[in-house]
Amino acid sequence: MSTMVFANFPVTDLEKATEFYTKLGFKKNPTYSDEHASGMVWDDNFWVMLLTRDYYQSFIGKKQVINPHEASGVLVAFSLPTKEAVQKFAETAKENGGDFYSAVDNIPEDVMLGYEVVDLDGNILEPTWMAEV
């Protein structure tokens, strides 16, 4: 059995966040979506769960929900099959209100290419392509 990964992100506007992730290529799974959450599926093994801030709070006890525009708690990296797919993912995010930047500039692009892709709420995904060894 393969391991599934669920990245949980707090969002301020669930509808806008769901639309943004749909444009990036995720598909909403209605079974795991309601007025508090959108289960956004990339593939059989990788999901992003978009959670309203109040619902997200219910998972973390007394800890404070950070503002991802001001602080970072996690970076979620995942692989894509080509450099072009990484570039398209990043550009699609920017075209739809997000942003992207490169945090690593000392690795040749024929070895690895990745970006920090920032969503509408400041959460960061890291689409990455790596040359086969």
# chains A, B, ... in the order shown; residues from 1 in each chain; ligands from 1
call {"tool": "residues_around", "arguments": {"residues": "range 24-26 of chain A", "least_positions_apart": "2", "cutoff": "9 Å", "atoms": "only C-alpha atoms", "output": "list in words"}}
result
Thr18, Glu19, Phe20, Tyr21, Thr22, Lys28, Met40, Val41, Trp42, Asp43, Trp47, Val48, Lys88, Phe89, Ala90, Thr92, Ala93 and Asn96 of chain A
call {"tool": "write_last_selection", "arguments": {"atoms": "N, CA, C and O atoms", "output": "PDB file, in the first residue's frame"}}
result
ATOM      1  N   THR A  18     -10.363  27.329  -2.912  1.00  0.00           N
ATOM      2  CA  THR A  18     -10.734  26.151  -3.702  1.00  0.00           C
ATOM      3  C   THR A  18     -10.603  26.451  -5.193  1.00  0.00           C
ATOM      4  O   THR A  18     -10.059  25.647  -5.956  1.00  0.00           O
ATOM      5  N   GLU A  19     -11.062  27.620  -5.601  1.00  0.00           N
ATOM      6  CA  GLU A  19     -10.951  28.024  -7.008  1.00  0.00           C
ATOM      7  C   GLU A  19      -9.483  28.131  -7.421  1.00  0.00           C
ATOM      8  O   GLU A  19      -9.091  27.669  -8.498  1.00  0.00           O
ATOM      9  N   PHE A  20      -8.653  28.714  -6.562  1.00  0.00           N
ATOM     10  CA  PHE A  20      -7.225  28.856  -6.847  1.00  0.00           C
ATOM     11  C   PHE A  20      -6.571  27.489  -7.053  1.00  0.00           C
ATOM     12  O   PHE A  20      -5.874  27.264  -8.054  1.00  0.00           O
ATOM     13  N   TYR A  21      -6.814  26.565  -6.151  1.00  0.00           N
ATOM     14  CA  TYR A  21      -6.200  25.239  -6.264  1.00  0.00           C
ATOM     15  C   TYR A  21      -6.748  24.452  -7.457  1.00  0.00           C
ATOM     16  O   TYR A  21      -6.018  23.674  -8.069  1.00  0.00           O
ATOM     17  N   THR A  22      -7.994  24.673  -7.798  1.00  0.00           N
ATOM     18  CA  THR A  22      -8.564  24.045  -8.995  1.00  0.00           C
ATOM     19  C   THR A  22      -7.811  24.518 -10.233  1.00  0.00           C
ATOM     20  O   THR A  22      -7.472  23.720 -11.110  1.00  0.00           O
ATOM     21  N   LYS A  28     -11.378  18.907  -6.703  1.00  0.00           N
ATOM     22  CA  LYS A  28     -12.082  18.870  -5.426  1.00  0.00           C
ATOM     23  C   LYS A  28     -12.809  17.542  -5.269  1.00  0.00           C
ATOM     24  O   LYS A  28     -13.558  17.121  -6.144  1.00  0.00           O
ATOM     25  N   MET A  40      -8.691  18.725  -1.757  1.00  0.00           N
ATOM     26  CA  MET A  40      -8.185  18.982  -3.098  1.00  0.00           C
ATOM     27  C   MET A  40      -7.165  17.905  -3.467  1.00  0.00           C
ATOM     28  O   MET A  40      -6.128  17.770  -2.817  1.00  0.00           O
ATOM     29  N   VAL A  41      -7.460  17.159  -4.515  1.00  0.00           N
ATOM     30  CA  VAL A  41      -6.682  15.982  -4.891  1.00  0.00           C
ATOM     31  C   VAL A  41      -5.741  16.307  -6.046  1.00  0.00           C
ATOM     32  O   VAL A  41      -6.180  16.781  -7.101  1.00  0.00           O
ATOM     33  N   TRP A  42      -4.451  16.037  -5.839  1.00  0.00           N
ATOM     34  CA  TRP A  42      -3.485  16.149  -6.925  1.00  0.00           C
ATOM     35  C   TRP A  42      -3.401  14.812  -7.659  1.00  0.00           C
ATOM     36  O   TRP A  42      -3.475  14.749  -8.871  1.00  0.00           O
ATOM     37  N   ASP A  43      -3.214  13.733  -6.882  1.00  0.00           N
ATOM     38  CA  ASP A  43      -3.213  12.388  -7.437  1.00  0.00           C
ATOM     39  C   ASP A  43      -3.593  11.416  -6.322  1.00  0.00           C
ATOM     40  O   ASP A  43      -3.997  11.850  -5.245  1.00  0.00           O
ATOM     41  N   TRP A  47      -2.798  15.031  -1.417  1.00  0.00           N
ATOM     42  CA  TRP A  47      -3.953  15.925  -1.284  1.00  0.00           C
ATOM     43  C   TRP A  47      -3.530  17.181  -0.534  1.00  0.00           C
ATOM     44  O   TRP A  47      -2.645  17.142   0.317  1.00  0.00           O
ATOM     45  N   VAL A  48      -4.221  18.278  -0.818  1.00  0.00           N
ATOM     46  CA  VAL A  48      -4.152  19.472   0.017  1.00  0.00           C
ATOM     47  C   VAL A  48      -5.546  19.671   0.597  1.00  0.00           C
ATOM     48  O   VAL A  48      -6.530  19.728  -0.144  1.00  0.00           O
ATOM     49  N   LYS A  88       5.089  25.855 -15.370  1.00  0.00           N
ATOM     50  CA  LYS A  88       3.667  26.107 -15.623  1.00  0.00           C
ATOM     51  C   LYS A  88       2.892  26.210 -14.314  1.00  0.00           C
ATOM     52  O   LYS A  88       2.040  27.094 -14.160  1.00  0.00           O
ATOM     53  N   PHE A  89       3.166  25.348 -13.355  1.00  0.00           N
ATOM     54  CA  PHE A  89       2.496  25.381 -12.050  1.00  0.00           C
ATOM     55  C   PHE A  89       2.729  26.746 -11.389  1.00  0.00           C
ATOM     56  O   PHE A  89       1.795  27.389 -10.910  1.00  0.00           O
ATOM     57  N   ALA A  90       3.987  27.194 -11.385  1.00  0.00           N
ATOM     58  CA  ALA A  90       4.334  28.472 -10.757  1.00  0.00           C
ATOM     59  C   ALA A  90       3.672  29.645 -11.477  1.00  0.00           C
ATOM     60  O   ALA A  90       3.098  30.540 -10.839  1.00  0.00           O
ATOM     61  N   THR A  92       0.971  29.598 -13.342  1.00  0.00           N
ATOM     62  CA  THR A  92      -0.478  29.533 -13.135  1.00  0.00           C
ATOM     63  C   THR A  92      -0.853  30.116 -11.782  1.00  0.00           C
ATOM     64  O   THR A  92      -1.845  30.836 -11.660  1.00  0.00           O
ATOM     65  N   ALA A  93      -0.063  29.828 -10.770  1.00  0.00           N
ATOM     66  CA  ALA A  93      -0.312  30.409  -9.448  1.00  0.00           C
ATOM     67  C   ALA A  93      -0.268  31.936  -9.521  1.00  0.00           C
ATOM     68  O   ALA A  93      -1.171  32.616  -9.020  1.00  0.00           O
ATOM     69  N   ASN A  96      -3.169  33.716 -11.107  1.00  0.00           N
ATOM     70  CA  ASN A  96      -4.430  33.611 -10.377  1.00  0.00           C
ATOM     71  C   ASN A  96      -4.359  34.186  -8.962  1.00  0.00           C
ATOM     72  O   ASN A  96      -5.137  33.804  -8.089  1.00  0.00           O
TER      73      ASN A  96
END
call {"tool": "residues_around", "arguments": {"residues": "Val65 in chain A", "least_positions_apart": "4", "cutoff": "9 Å", "atoms": "only C-alpha atoms", "output": "list in words"}}
result
Pro10, Arg53, Asp54, Tyr56, Gln57 and Ile60 of chain A
call {"tool": "select_by_dssp", "arguments": {"residues": "chain A", "states": "helix (DSSP H, G or I)", "output": "PyMOL selection string"}}
result
chain A and resi 14-24+30-32+53-57+83-95
call {"tool": "write_last_selection", "arguments": {"atoms": "C-alpha atoms", "output": "PDB file, in the first residue's frame"}}
result
ATOM      1  CA  LEU A  14     -12.594  28.693   1.353  1.00  0.00           C
ATOM      2  CA  GLU A  15     -14.350  29.371  -1.950  1.00  0.00           C
ATOM      3  CA  LYS A  16     -11.521  31.519  -3.351  1.00  0.00           C
ATOM      4  CA  ALA A  17      -8.874  29.081  -2.113  1.00  0.00           C
ATOM      5  CA  THR A  18     -10.734  26.151  -3.702  1.00  0.00           C
ATOM      6  CA  GLU A  19     -10.951  28.024  -7.008  1.00  0.00           C
ATOM      7  CA  PHE A  20      -7.225  28.856  -6.847  1.00  0.00           C
ATOM      8  CA  TYR A  21      -6.200  25.239  -6.264  1.00  0.00           C
ATOM      9  CA  THR A  22      -8.564  24.045  -8.995  1.00  0.00           C
ATOM     10  CA  LYS A  23      -6.771  26.354 -11.441  1.00  0.00           C
ATOM     11  CA  LEU A  24      -3.444  24.838 -10.354  1.00  0.00           C
ATOM     12  CA  PRO A  30     -16.886  16.326  -2.681  1.00  0.00           C
ATOM     13  CA  THR A  31     -16.861  13.429  -0.186  1.00  0.00           C
ATOM     14  CA  TYR A  32     -14.185  15.221   1.847  1.00  0.00           C
ATOM     15  CA  ARG A  53      -9.177  29.030  10.027  1.00  0.00           C
ATOM     16  CA  ASP A  54     -11.701  28.065  12.738  1.00  0.00           C
ATOM     17  CA  TYR A  55     -11.784  24.459  11.568  1.00  0.00           C
ATOM     18  CA  TYR A  56      -7.985  24.352  11.325  1.00  0.00           C
ATOM     19  CA  GLN A  57      -7.856  25.633  14.918  1.00  0.00           C
ATOM     20  CA  LYS A  83      10.923  21.366 -15.653  1.00  0.00           C
ATOM     21  CA  GLU A  84       8.169  22.746 -17.881  1.00  0.00           C
ATOM     22  CA  ALA A  85       5.490  21.372 -15.531  1.00  0.00           C
ATOM     23  CA  VAL A  86       7.174  23.126 -12.586  1.00  0.00           C
ATOM     24  CA  GLN A  87       7.315  26.399 -14.529  1.00  0.00           C
ATOM     25  CA  LYS A  88       3.667  26.107 -15.623  1.00  0.00           C
ATOM     26  CA  PHE A  89       2.496  25.381 -12.050  1.00  0.00           C
ATOM     27  CA  ALA A  90       4.334  28.472 -10.757  1.00  0.00           C
ATOM     28  CA  GLU A  91       3.122  30.736 -13.557  1.00  0.00           C
ATOM     29  CA  THR A  92      -0.478  29.533 -13.135  1.00  0.00           C
ATOM     30  CA  ALA A  93      -0.312  30.409  -9.448  1.00  0.00           C
ATOM     31  CA  LYS A  94       0.912  33.932 -10.245  1.00  0.00           C
ATOM     32  CA  GLU A  95      -1.728  34.427 -12.952  1.00  0.00           C
TER      33      GLU A  95
END
call {"tool": "residues_around", "arguments": {"residues": "Pro68 in chain A", "least_positions_apart": "4", "cutoff": "8 Å", "atoms": "only C-alpha atoms", "output": "list in words"}}
result
Ser72, Gly73, Asp121, Gly122 and Asn123 of chain A
call {"tool": "residues_around", "arguments": {"residues": "Phe9 in chain A", "least_positions_apart": "5", "cutoff": "7 Å", "atoms": "only C-alpha atoms", "output": "PyMOL selection string"}}
result
chain A and resi 49-51+123
call {"tool": "atom_distance", "arguments": {"atom1": "CA of Leu80 in chain A", "atom2": "CA of Glu132 in chain A"}}
result
12.3 Å
call {"tool": "residues_around", "arguments": {"residues": "Phe100 in chain A", "least_positions_apart": "4", "cutoff": "6 Å", "atoms": "only C-alpha atoms", "output": "list of chain:residue names"}}
result
A:Ala90, A:Glu116, A:Val117, A:Val118
call {"tool": "atom_distance", "arguments": {"atom1": "CA of Ile124 in chain A", "atom2": "CA of Met112 in chain A"}}
result
18.4 Å
call {"tool": "atom_distance", "arguments": {"atom1": "CA of Asn45 in chain A", "atom2": "CA of Asp119 in chain A"}}
result
20.7 Å
call {"tool": "closest_residue", "arguments": {"among": "A:Gly98, A:Phe78, A:Gln64, A:Val111", "to": "Pro127 in chain A", "atoms": "only C-alpha atoms"}}
result
A:Phe78
call {"tool": "select_by_dssp", "arguments": {"residues": "range 16-106 of chain A", "states": "strand (DSSP E)", "output": "list in words"}}
result
Lys27, Lys28, Asn29, Ala37, Ser38, Gly39, Met40, Val41, Trp42, Asp43, Phe46, Trp47, Val48, Met49, Leu50, Leu51, Thr52, Val76, Ala77, Phe78, Ser79, Asp99, Phe100 and Tyr101 of chain A
call {"tool": "decode", "arguments": {"residues": "range 24-43 of chain A", "atoms": "N, CA and C atoms", "output": "PDB file, in the first residue's frame"}}
result
ATOM      1  N   LEU A  24      -4.786  25.430 -10.361  1.00  0.00           N
ATOM      2  CA  LEU A  24      -3.444  24.838 -10.354  1.00  0.00           C
ATOM      3  C   LEU A  24      -3.454  23.393 -10.848  1.00  0.00           C
ATOM      4  N   GLY A  25      -4.644  22.788 -10.941  1.00  0.00           N
ATOM      5  CA  GLY A  25      -4.730  21.416 -11.429  1.00  0.00           C
ATOM      6  C   GLY A  25      -5.234  20.415 -10.407  1.00  0.00           C
ATOM      7  N   PHE A  26      -5.544  20.870  -9.185  1.00  0.00           N
ATOM      8  CA  PHE A  26      -6.128  19.986  -8.183  1.00  0.00           C
ATOM      9  C   PHE A  26      -7.605  19.786  -8.494  1.00  0.00           C
ATOM     10  N   LYS A  27      -8.165  18.666  -8.062  1.00  0.00           N
ATOM     11  CA  LYS A  27      -9.590  18.384  -8.239  1.00  0.00           C
ATOM     12  C   LYS A  27     -10.227  18.267  -6.861  1.00  0.00           C
ATOM     13  N   LYS A  28     -11.378  18.907  -6.703  1.00  0.00           N
ATOM     14  CA  LYS A  28     -12.082  18.870  -5.426  1.00  0.00           C
ATOM     15  C   LYS A  28     -12.809  17.542  -5.269  1.00  0.00           C
ATOM     16  N   ASN A  29     -12.588  16.869  -4.138  1.00  0.00           N
ATOM     17  CA  ASN A  29     -13.290  15.636  -3.815  1.00  0.00           C
ATOM     18  C   ASN A  29     -14.477  16.000  -2.926  1.00  0.00           C
ATOM     19  N   PRO A  30     -15.712  15.897  -3.448  1.00  0.00           N
ATOM     20  CA  PRO A  30     -16.886  16.326  -2.681  1.00  0.00           C
ATOM     21  C   PRO A  30     -17.129  15.498  -1.416  1.00  0.00           C
ATOM     22  N   THR A  31     -16.672  14.266  -1.375  1.00  0.00           N
ATOM     23  CA  THR A  31     -16.861  13.429  -0.186  1.00  0.00           C
ATOM     24  C   THR A  31     -16.123  14.009   1.011  1.00  0.00           C
ATOM     25  N   TYR A  32     -14.995  14.661   0.771  1.00  0.00           N
ATOM     26  CA  TYR A  32     -14.185  15.221   1.847  1.00  0.00           C
ATOM     27  C   TYR A  32     -14.194  16.748   1.821  1.00  0.00           C
ATOM     28  N   SER A  33     -15.320  17.292   1.427  1.00  0.00           N
ATOM     29  CA  SER A  33     -15.472  18.744   1.354  1.00  0.00           C
ATOM     30  C   SER A  33     -16.829  19.141   1.937  1.00  0.00           C
ATOM     31  N   ASP A  34     -16.836  20.266   2.618  1.00  0.00           N
ATOM     32  CA  ASP A  34     -18.078  20.835   3.143  1.00  0.00           C
ATOM     33  C   ASP A  34     -17.855  22.332   3.353  1.00  0.00           C
ATOM     34  N   GLU A  35     -18.637  22.966   4.205  1.00  0.00           N
ATOM     35  CA  GLU A  35     -18.495  24.410   4.420  1.00  0.00           C
ATOM     36  C   GLU A  35     -17.241  24.758   5.230  1.00  0.00           C
ATOM     37  N   HIS A  36     -16.554  23.756   5.774  1.00  0.00           N
ATOM     38  CA  HIS A  36     -15.347  23.982   6.569  1.00  0.00           C
ATOM     39  C   HIS A  36     -14.064  23.552   5.859  1.00  0.00           C
ATOM     40  N   ALA A  37     -14.196  22.729   4.824  1.00  0.00           N
ATOM     41  CA  ALA A  37     -13.002  22.151   4.204  1.00  0.00           C
ATOM     42  C   ALA A  37     -13.241  21.809   2.743  1.00  0.00           C
ATOM     43  N   SER A  38     -12.162  21.875   1.971  1.00  0.00           N
ATOM     44  CA  SER A  38     -12.161  21.367   0.601  1.00  0.00           C
ATOM     45  C   SER A  38     -11.017  20.379   0.482  1.00  0.00           C
ATOM     46  N   GLY A  39     -11.340  19.134   0.159  1.00  0.00           N
ATOM     47  CA  GLY A  39     -10.329  18.113  -0.089  1.00  0.00           C
ATOM     48  C   GLY A  39      -9.886  18.217  -1.530  1.00  0.00           C
ATOM     49  N   MET A  40      -8.691  18.725  -1.757  1.00  0.00           N
ATOM     50  CA  MET A  40      -8.185  18.982  -3.098  1.00  0.00           C
ATOM     51  C   MET A  40      -7.165  17.905  -3.467  1.00  0.00           C
ATOM     52  N   VAL A  41      -7.460  17.159  -4.515  1.00  0.00           N
ATOM     53  CA  VAL A  41      -6.682  15.982  -4.891  1.00  0.00           C
ATOM     54  C   VAL A  41      -5.741  16.307  -6.046  1.00  0.00           C
ATOM     55  N   TRP A  42      -4.451  16.037  -5.839  1.00  0.00           N
ATOM     56  CA  TRP A  42      -3.485  16.149  -6.925  1.00  0.00           C
ATOM     57  C   TRP A  42      -3.401  14.812  -7.659  1.00  0.00           C
ATOM     58  N   ASP A  43      -3.214  13.733  -6.882  1.00  0.00           N
ATOM     59  CA  ASP A  43      -3.213  12.388  -7.437  1.00  0.00           C
ATOM     60  C   ASP A  43      -3.593  11.416  -6.322  1.00  0.00           C
TER      61      ASP A  43
END
